[in-house]
Protein chains: 2
Amino acid sequence: MKRVLLSAVVLAGMAVLAQNQTASKKAADGKGEAQMKLPPNYREWVYVSSGFDMSYVPGLANMGHSMFDNVFVNPEAYKKFLETGTWPDKTVFVLEARMAQNKGSINKKGSYQGEVMAREVHMKDEARFPGKWAFFGFGDGDTGTLIPTSADCYSCHSAHGAVDTTFVQFYPTLIGVAKQKGTLSAGYVKETQGK
Amino acid sequence: MKRVLLSAVVLAGMAVLAQNQTASKKAADGKGEAQMKLPPNYREWVYVSSGFDMSYVPGLANMGHSMFDNVFVNPEAYKKFLETGTWPDKTVFVLEARMAQNKGSINKKGSYQGEVMAREVHMKDEARFPGKWAFFGFGDGDTGTLIPTSADCYSCHSAHGAVDTTFVQFYPTLIGVAKQKGTLSAGYVKETQGK
């Protein structure tokens, strides 16, 4: 299970250790619970993209398996993004990591998706979180724990996210909207200049 | 473009040549148009899964690039499937093939999704199609052409699809529903016996 969690955490650019921390019932900011329930119907939300064996860390050791990560966002936030090029308050993303399978049925090559390995939520609540956004780690269960703001996921998303600390550069139907609406972050614009 | 079309066709188990045929305005069955428009909002439909470089043909030559295929289904059909374990009349699937990218932004390993390479529709219309279901090929445009029933996609889906000629065995949130509801096809049950 530990290896499985590690994979998902690396995927999202989160700190490895954060997932293993024991959380108190109350969040450090005192404004809300440090735990949350997984949105039960997130698979009916809007799909924004999948990655395959993605990592933001060079030279990471091979995990001995491949995995997919699927990203979903609540439909209200998606509609607002199409209109404005950015995310409204109460946006909720669910990242779902699934084990890649390759031997099954008539498949002869490549990979299809198997069991859930871990899930993470990235949500925006301007009144509740000091940086407006927060991450919750779930493992493969349905109760998530708030990840402290000292974890790498916060600084990485903040520095490199194309729009409002989110990795819209990896969501092929949305990056064009952000370019058109002029909502790309200064950091992302600088990183991609001349490329 | 030809290579791009080939990739998507192989993915869906469809006949390679069918995509290149010139269609008349009327379908061979005389009951409807041989062309259809891509459902404009299919990216807001329910996502059922993605594959990565999948092929049903062994020993296929390397295409020089990797690709994802994302599958979406209309929400009404998805809800009915959860209730019944099978697909109602007027079910529409969209298969979207996208080029895999690996060098971009902060990604160091693995693949994320780039441009659309091709799309295909698999739809059920019991009154219109002799075998209840039909395939339409789109390339990367939004007008699709009916694929003749002599194409391999029909026989392959019919022989190997886990539920009602569809590859539910590759949709991880749905295969369990079909097992529970007892709607697996006889062919699939036979293929997977003892595995």
# chains A, B, ... in the order shown; residues from 1 in each chain; ligands from 1
$ interface_residues --of "chain B" --to "chain A" --cutoff "6 Å" --atoms "only C-alpha atoms" --output "PDB file with C-alpha atoms, in the first residue's frame"
ATOM      1  CA  GLU B  44     -19.210  17.086 -20.719  1.00  0.00           C
ATOM      2  CA  VAL B  46     -19.608  10.793 -18.538  1.00  0.00           C
ATOM      3  CA  GLY B  51      -6.305   3.499 -22.688  1.00  0.00           C
ATOM      4  CA  PHE B  52      -2.663   4.147 -23.580  1.00  0.00           C
ATOM      5  CA  ASP B  53      -1.266   2.643 -26.804  1.00  0.00           C
ATOM      6  CA  MET B  54      -3.830  -0.142 -26.692  1.00  0.00           C
ATOM      7  CA  SER B  55      -4.086  -2.531 -29.608  1.00  0.00           C
ATOM      8  CA  TYR B  56      -6.071  -5.689 -30.202  1.00  0.00           C
ATOM      9  CA  PRO B  58      -0.456  -8.520 -31.851  1.00  0.00           C
ATOM     10  CA  ILE B 106       7.539  20.660 -15.622  1.00  0.00           C
ATOM     11  CA  ASN B 107       6.801  17.108 -16.717  1.00  0.00           C
ATOM     12  CA  LYS B 108       9.904  14.927 -16.467  1.00  0.00           C
ATOM     13  CA  LYS B 109       8.591  11.441 -17.146  1.00  0.00           C
ATOM     14  CA  GLY B 110       5.522   9.778 -18.615  1.00  0.00           C
ATOM     15  CA  SER B 111       2.890  11.284 -20.884  1.00  0.00           C
ATOM     16  CA  TYR B 112       0.091  13.807 -20.909  1.00  0.00           C
ATOM     17  CA  GLY B 114      -2.094  16.709 -26.586  1.00  0.00           C
ATOM     18  CA  PRO B 172     -13.259  -0.222 -14.464  1.00  0.00           C
TER      19      PRO B 172
END
$ select_by_dssp --residues "range 36-78 of chain B" --states "alpha helix (DSSP H)" --output "ChimeraX atom specification"
/B:75-78
$ atom_distance --atom1 "CA of Ala97 in chain B" --atom2 "CA of Phe138 in chain B"
10.8 Å
$ select_by_dssp --residues "range 19-143 of chain B" --states "strand (DSSP E)" --output "PyMOL selection string"
chain B and resi 35-37+46-55+67-73+92-101+109-124+133-139+143
$ write_last_selection --atoms "N, CA and C atoms" --output "short mmCIF file (atom, residue, chain, number, x, y, z; two decimals), in the first residue's frame"
data_model
loop_
_atom_site.label_atom_id
_atom_site.label_comp_id
_atom_site.auth_asym_id
_atom_site.auth_seq_id
_atom_site.Cartn_x
_atom_site.Cartn_y
_atom_site.Cartn_z
N GLN B 35 -23.97 10.08 -42.71
CA GLN B 35 -23.05 10.96 -42.02
C GLN B 35 -23.71 11.47 -40.75
N MET B 36 -22.90 11.85 -39.79
CA MET B 36 -23.46 12.45 -38.57
C MET B 36 -22.51 13.52 -38.05
N LYS B 37 -23.07 14.44 -37.30
CA LYS B 37 -22.27 15.48 -36.66
C LYS B 37 -21.80 14.98 -35.29
N VAL B 46 -20.28 11.57 -19.56
CA VAL B 46 -19.61 10.79 -18.54
C VAL B 46 -18.42 10.04 -19.14
N TYR B 47 -17.28 10.25 -18.51
CA TYR B 47 -16.03 9.59 -18.91
C TYR B 47 -16.05 8.16 -18.38
N VAL B 48 -15.76 7.19 -19.24
CA VAL B 48 -15.74 5.82 -18.73
C VAL B 48 -14.33 5.25 -18.57
N SER B 49 -13.39 5.64 -19.41
CA SER B 49 -12.00 5.26 -19.17
C SER B 49 -11.09 5.78 -20.29
N SER B 50 -9.80 5.57 -20.09
CA SER B 50 -8.79 5.85 -21.13
C SER B 50 -7.90 4.64 -21.28
N GLY B 51 -7.37 4.46 -22.47
CA GLY B 51 -6.30 3.50 -22.69
C GLY B 51 -5.06 4.25 -23.13
N PHE B 52 -3.93 3.56 -23.12
CA PHE B 52 -2.66 4.15 -23.58
C PHE B 52 -2.00 3.14 -24.52
N ASP B 53 -1.91 3.50 -25.79
CA ASP B 53 -1.27 2.64 -26.80
C ASP B 53 -1.90 1.25 -26.90
N MET B 54 -3.17 1.17 -26.62
CA MET B 54 -3.83 -0.14 -26.69
C MET B 54 -3.93 -0.63 -28.14
N SER B 55 -3.84 -1.93 -28.30
CA SER B 55 -4.09 -2.53 -29.61
C SER B 55 -4.62 -3.94 -29.40
N MET B 67 -0.23 7.26 -27.91
CA MET B 67 -1.50 7.97 -27.87
C MET B 67 -2.42 7.46 -26.75
N PHE B 68 -3.28 8.36 -26.36
CA PHE B 68 -4.34 8.04 -25.40
C PHE B 68 -5.64 7.86 -26.18
N ASP B 69 -6.52 7.02 -25.67
CA ASP B 69 -7.90 7.05 -26.16
C ASP B 69 -8.84 7.20 -24.97
N ASN B 70 -9.64 8.24 -25.03
CA ASN B 70 -10.61 8.55 -23.98
C ASN B 70 -12.00 8.16 -24.46
N VAL B 71 -12.80 7.58 -23.59
CA VAL B 71 -14.15 7.17 -23.98
C VAL B 71 -15.19 7.86 -23.10
N PHE B 72 -16.17 8.46 -23.77
CA PHE B 72 -17.27 9.17 -23.10
C PHE B 72 -18.59 8.55 -23.53
N VAL B 73 -19.59 8.59 -22.64
CA VAL B 73 -20.92 8.09 -22.99
C VAL B 73 -21.96 9.12 -22.53
N VAL B 92 -24.90 6.58 -26.94
CA VAL B 92 -23.86 7.09 -27.84
C VAL B 92 -22.52 7.13 -27.09
N PHE B 93 -21.54 6.43 -27.62
CA PHE B 93 -20.17 6.53 -27.13
C PHE B 93 -19.35 7.40 -28.07
N VAL B 94 -18.45 8.20 -27.50
CA VAL B 94 -17.45 8.89 -28.33
C VAL B 94 -16.07 8.43 -27.87
N LEU B 95 -15.30 7.90 -28.80
CA LEU B 95 -13.90 7.54 -28.55
C LEU B 95 -13.05 8.67 -29.12
N GLU B 96 -12.20 9.22 -28.27
CA GLU B 96 -11.36 10.36 -28.67
C GLU B 96 -9.90 9.95 -28.54
N ALA B 97 -9.19 9.93 -29.65
CA ALA B 97 -7.76 9.59 -29.61
C ALA B 97 -6.95 10.88 -29.57
N ARG B 98 -6.03 10.95 -28.63
CA ARG B 98 -5.17 12.14 -28.51
C ARG B 98 -3.70 11.74 -28.52
N MET B 99 -2.92 12.55 -29.18
CA MET B 99 -1.47 12.38 -29.21
C MET B 99 -0.91 12.48 -27.78
N ALA B 100 0.00 11.59 -27.44
CA ALA B 100 0.67 11.68 -26.14
C ALA B 100 1.86 12.63 -26.26
N GLN B 101 2.00 13.49 -25.27
CA GLN B 101 3.13 14.43 -25.19
C GLN B 101 3.95 14.07 -23.97
N LYS B 109 8.70 12.87 -16.86
CA LYS B 109 8.59 11.44 -17.15
C LYS B 109 7.13 11.16 -17.47
N GLY B 110 6.90 10.14 -18.29
CA GLY B 110 5.52 9.78 -18.61
C GLY B 110 4.89 10.72 -19.63
N SER B 111 3.59 10.60 -19.79
CA SER B 111 2.89 11.28 -20.88
C SER B 111 1.64 12.00 -20.42
N TYR B 112 1.36 13.11 -21.10
CA TYR B 112 0.09 13.81 -20.91
C TYR B 112 -0.56 13.98 -22.28
N GLN B 113 -1.76 14.50 -22.30
CA GLN B 113 -2.53 14.49 -23.54
C GLN B 113 -2.39 15.77 -24.36
N GLY B 114 -2.21 15.58 -25.66
CA GLY B 114 -2.09 16.71 -26.59
C GLY B 114 -3.30 16.77 -27.53
N GLU B 115 -3.02 17.04 -28.78
CA GLU B 115 -4.09 17.29 -29.76
C GLU B 115 -4.90 16.04 -30.11
N VAL B 116 -6.12 16.29 -30.54
CA VAL B 116 -6.98 15.22 -31.02
C VAL B 116 -6.41 14.66 -32.33
N MET B 117 -6.33 13.33 -32.41
CA MET B 117 -5.89 12.68 -33.64
C MET B 117 -7.10 12.17 -34.44
N ALA B 118 -8.08 11.66 -33.75
CA ALA B 118 -9.27 11.14 -34.43
C ALA B 118 -10.36 10.89 -33.39
N ARG B 119 -11.57 10.80 -33.88
CA ARG B 119 -12.70 10.45 -33.01
C ARG B 119 -13.56 9.42 -33.73
N GLU B 120 -14.25 8.62 -32.91
CA GLU B 120 -15.20 7.66 -33.47
C GLU B 120 -16.43 7.62 -32.59
N VAL B 121 -17.56 7.35 -33.19
CA VAL B 121 -18.80 7.19 -32.44
C VAL B 121 -19.29 5.76 -32.58
N HIS B 122 -19.77 5.19 -31.49
CA HIS B 122 -20.42 3.88 -31.50
C HIS B 122 -21.81 4.14 -30.90
N MET B 123 -22.86 3.98 -31.71
CA MET B 123 -24.18 4.34 -31.21
C MET B 123 -25.20 3.24 -31.43
N LYS B 124 -26.17 3.22 -30.54
CA LYS B 124 -27.22 2.19 -30.57
C LYS B 124 -28.52 2.83 -31.03
N TRP B 133 -26.43 -1.57 -33.41
CA TRP B 133 -25.35 -0.62 -33.17
C TRP B 133 -24.66 -0.27 -34.50
N ALA B 134 -24.05 0.93 -34.55
CA ALA B 134 -23.22 1.29 -35.71
C ALA B 134 -22.05 2.15 -35.28
N PHE B 135 -21.02 2.15 -36.12
CA PHE B 135 -19.83 2.97 -35.90
C PHE B 135 -19.76 4.09 -36.94
N PHE B 136 -19.30 5.24 -36.51
CA PHE B 136 -19.02 6.37 -37.41
C PHE B 136 -17.58 6.82 -37.16
N GLY B 137 -16.84 7.03 -38.24
CA GLY B 137 -15.46 7.51 -38.13
C GLY B 137 -15.39 8.99 -38.46
N PHE B 138 -14.59 9.75 -37.69
CA PHE B 138 -14.54 11.22 -37.83
C PHE B 138 -13.19 11.79 -38.22
N GLY B 139 -12.12 11.04 -38.17
CA GLY B 139 -10.83 11.72 -38.29
C GLY B 139 -10.76 12.79 -37.20
N THR B 143 -17.52 15.89 -38.78
CA THR B 143 -18.50 15.15 -39.57
C THR B 143 -18.04 13.71 -39.71
#
$ residues_around --residues "Gly85 in chain B" --least-positions-apart "4" --cutoff "9 Å" --atoms "only C-alpha atoms" --output "compact mmCIF listing (two decimals) with N, CA and C atoms, in the first residue's frame"
# COMPACT_ATOMS: atom_id res chain seq x y z
N LYS B 80 -28.68 4.70 -16.87
CA LYS B 80 -29.44 3.48 -17.12
C LYS B 80 -28.55 2.25 -16.93
N PHE B 81 -27.29 2.37 -17.35
CA PHE B 81 -26.36 1.24 -17.17
C PHE B 81 -26.17 0.92 -15.69
N VAL B 163 -20.31 -6.51 -22.72
CA VAL B 163 -21.75 -6.24 -22.59
C VAL B 163 -22.29 -5.64 -23.89
N LEU B 174 -17.54 0.11 -14.45
CA LEU B 174 -18.77 -0.48 -14.99
C LEU B 174 -18.76 -2.01 -15.05
N ILE B 175 -17.59 -2.62 -15.15
CA ILE B 175 -17.55 -4.08 -15.30
C ILE B 175 -18.18 -4.77 -14.06
N GLY B 176 -17.96 -4.19 -12.89
CA GLY B 176 -18.55 -4.76 -11.68
C GLY B 176 -20.07 -4.69 -11.69
N VAL B 177 -20.60 -3.62 -12.26
CA VAL B 177 -22.06 -3.47 -12.36
C VAL B 177 -22.62 -4.58 -13.25
N ALA B 178 -21.95 -4.82 -14.37
CA ALA B 178 -22.42 -5.86 -15.30
C ALA B 178 -22.37 -7.24 -14.64
N LYS B 179 -21.31 -7.48 -13.89
CA LYS B 179 -21.22 -8.78 -13.20
C LYS B 179 -22.37 -8.93 -12.20
N GLN B 180 -22.60 -7.86 -11.47
CA GLN B 180 -23.65 -7.89 -10.44
C GLN B 180 -25.03 -8.07 -11.06
N LYS B 181 -25.25 -7.44 -12.19
CA LYS B 181 -26.57 -7.50 -12.83
C LYS B 181 -26.73 -8.72 -13.75
N GLY B 182 -25.62 -9.45 -13.94
CA GLY B 182 -25.70 -10.64 -14.78
C GLY B 182 -25.91 -10.35 -16.26
N THR B 183 -25.28 -9.27 -16.73
CA THR B 183 -25.49 -8.87 -18.13
C THR B 183 -24.27 -9.12 -19.02
N LEU B 184 -23.28 -9.86 -18.53
CA LEU B 184 -22.11 -10.16 -19.38
C LEU B 184 -22.54 -11.02 -20.56
$ decode --residues "range 110-126 of chain B" --atoms "N, CA and C atoms" --output "PDB file, in the first residue's frame"
ATOM      1  N   GLY B 110       6.900  10.143 -18.293  1.00  0.00           N
ATOM      2  CA  GLY B 110       5.522   9.778 -18.615  1.00  0.00           C
ATOM      3  C   GLY B 110       4.892  10.721 -19.627  1.00  0.00           C
ATOM      4  N   SER B 111       3.591  10.600 -19.788  1.00  0.00           N
ATOM      5  CA  SER B 111       2.890  11.284 -20.884  1.00  0.00           C
ATOM      6  C   SER B 111       1.638  12.003 -20.420  1.00  0.00           C
ATOM      7  N   TYR B 112       1.364  13.111 -21.105  1.00  0.00           N
ATOM      8  CA  TYR B 112       0.091  13.807 -20.909  1.00  0.00           C
ATOM      9  C   TYR B 112      -0.557  13.981 -22.285  1.00  0.00           C
ATOM     10  N   GLN B 113      -1.763  14.497 -22.305  1.00  0.00           N
ATOM     11  CA  GLN B 113      -2.533  14.489 -23.544  1.00  0.00           C
ATOM     12  C   GLN B 113      -2.387  15.770 -24.358  1.00  0.00           C
ATOM     13  N   GLY B 114      -2.209  15.584 -25.664  1.00  0.00           N
ATOM     14  CA  GLY B 114      -2.094  16.709 -26.586  1.00  0.00           C
ATOM     15  C   GLY B 114      -3.299  16.771 -27.528  1.00  0.00           C
ATOM     16  N   GLU B 115      -3.020  17.039 -28.784  1.00  0.00           N
ATOM     17  CA  GLU B 115      -4.092  17.289 -29.756  1.00  0.00           C
ATOM     18  C   GLU B 115      -4.903  16.043 -30.107  1.00  0.00           C
ATOM     19  N   VAL B 116      -6.123  16.294 -30.540  1.00  0.00           N
ATOM     20  CA  VAL B 116      -6.984  15.216 -31.025  1.00  0.00           C
ATOM     21  C   VAL B 116      -6.413  14.659 -32.330  1.00  0.00           C
ATOM     22  N   MET B 117      -6.333  13.326 -32.405  1.00  0.00           N
ATOM     23  CA  MET B 117      -5.894  12.678 -33.636  1.00  0.00           C
ATOM     24  C   MET B 117      -7.101  12.168 -34.437  1.00  0.00           C
ATOM     25  N   ALA B 118      -8.079  11.661 -33.749  1.00  0.00           N
ATOM     26  CA  ALA B 118      -9.273  11.139 -34.427  1.00  0.00           C
ATOM     27  C   ALA B 118     -10.359  10.891 -33.391  1.00  0.00           C
ATOM     28  N   ARG B 119     -11.573  10.803 -33.881  1.00  0.00           N
ATOM     29  CA  ARG B 119     -12.700  10.451 -33.006  1.00  0.00           C
ATOM     30  C   ARG B 119     -13.564   9.422 -33.728  1.00  0.00           C
ATOM     31  N   GLU B 120     -14.245   8.621 -32.915  1.00  0.00           N
ATOM     32  CA  GLU B 120     -15.195   7.663 -33.473  1.00  0.00           C
ATOM     33  C   GLU B 120     -16.432   7.623 -32.586  1.00  0.00           C
ATOM     34  N   VAL B 121     -17.558   7.352 -33.194  1.00  0.00           N
ATOM     35  CA  VAL B 121     -18.803   7.195 -32.439  1.00  0.00           C
ATOM     36  C   VAL B 121     -19.294   5.760 -32.579  1.00  0.00           C
ATOM     37  N   HIS B 122     -19.771   5.194 -31.491  1.00  0.00           N
ATOM     38  CA  HIS B 122     -20.423   3.880 -31.504  1.00  0.00           C
ATOM     39  C   HIS B 122     -21.809   4.140 -30.903  1.00  0.00           C
ATOM     40  N   MET B 123     -22.856   3.982 -31.710  1.00  0.00           N
ATOM     41  CA  MET B 123     -24.182   4.340 -31.213  1.00  0.00           C
ATOM     42  C   MET B 123     -25.199   3.242 -31.428  1.00  0.00           C
ATOM     43  N   LYS B 124     -26.165   3.220 -30.536  1.00  0.00           N
ATOM     44  CA  LYS B 124     -27.215   2.193 -30.575  1.00  0.00           C
ATOM     45  C   LYS B 124     -28.521   2.834 -31.027  1.00  0.00           C
ATOM     46  N   ASP B 125     -29.074   2.274 -32.096  1.00  0.00           N
ATOM     47  CA  ASP B 125     -30.381   2.729 -32.566  1.00  0.00           C
ATOM     48  C   ASP B 125     -31.073   1.485 -33.112  1.00  0.00           C
ATOM     49  N   GLU B 126     -31.873   0.892 -32.293  1.00  0.00           N
ATOM     50  CA  GLU B 126     -32.423  -0.431 -32.594  1.00  0.00           C
ATOM     51  C   GLU B 126     -33.273  -0.442 -33.855  1.00  0.00           C
TER      52      GLU B 126
END
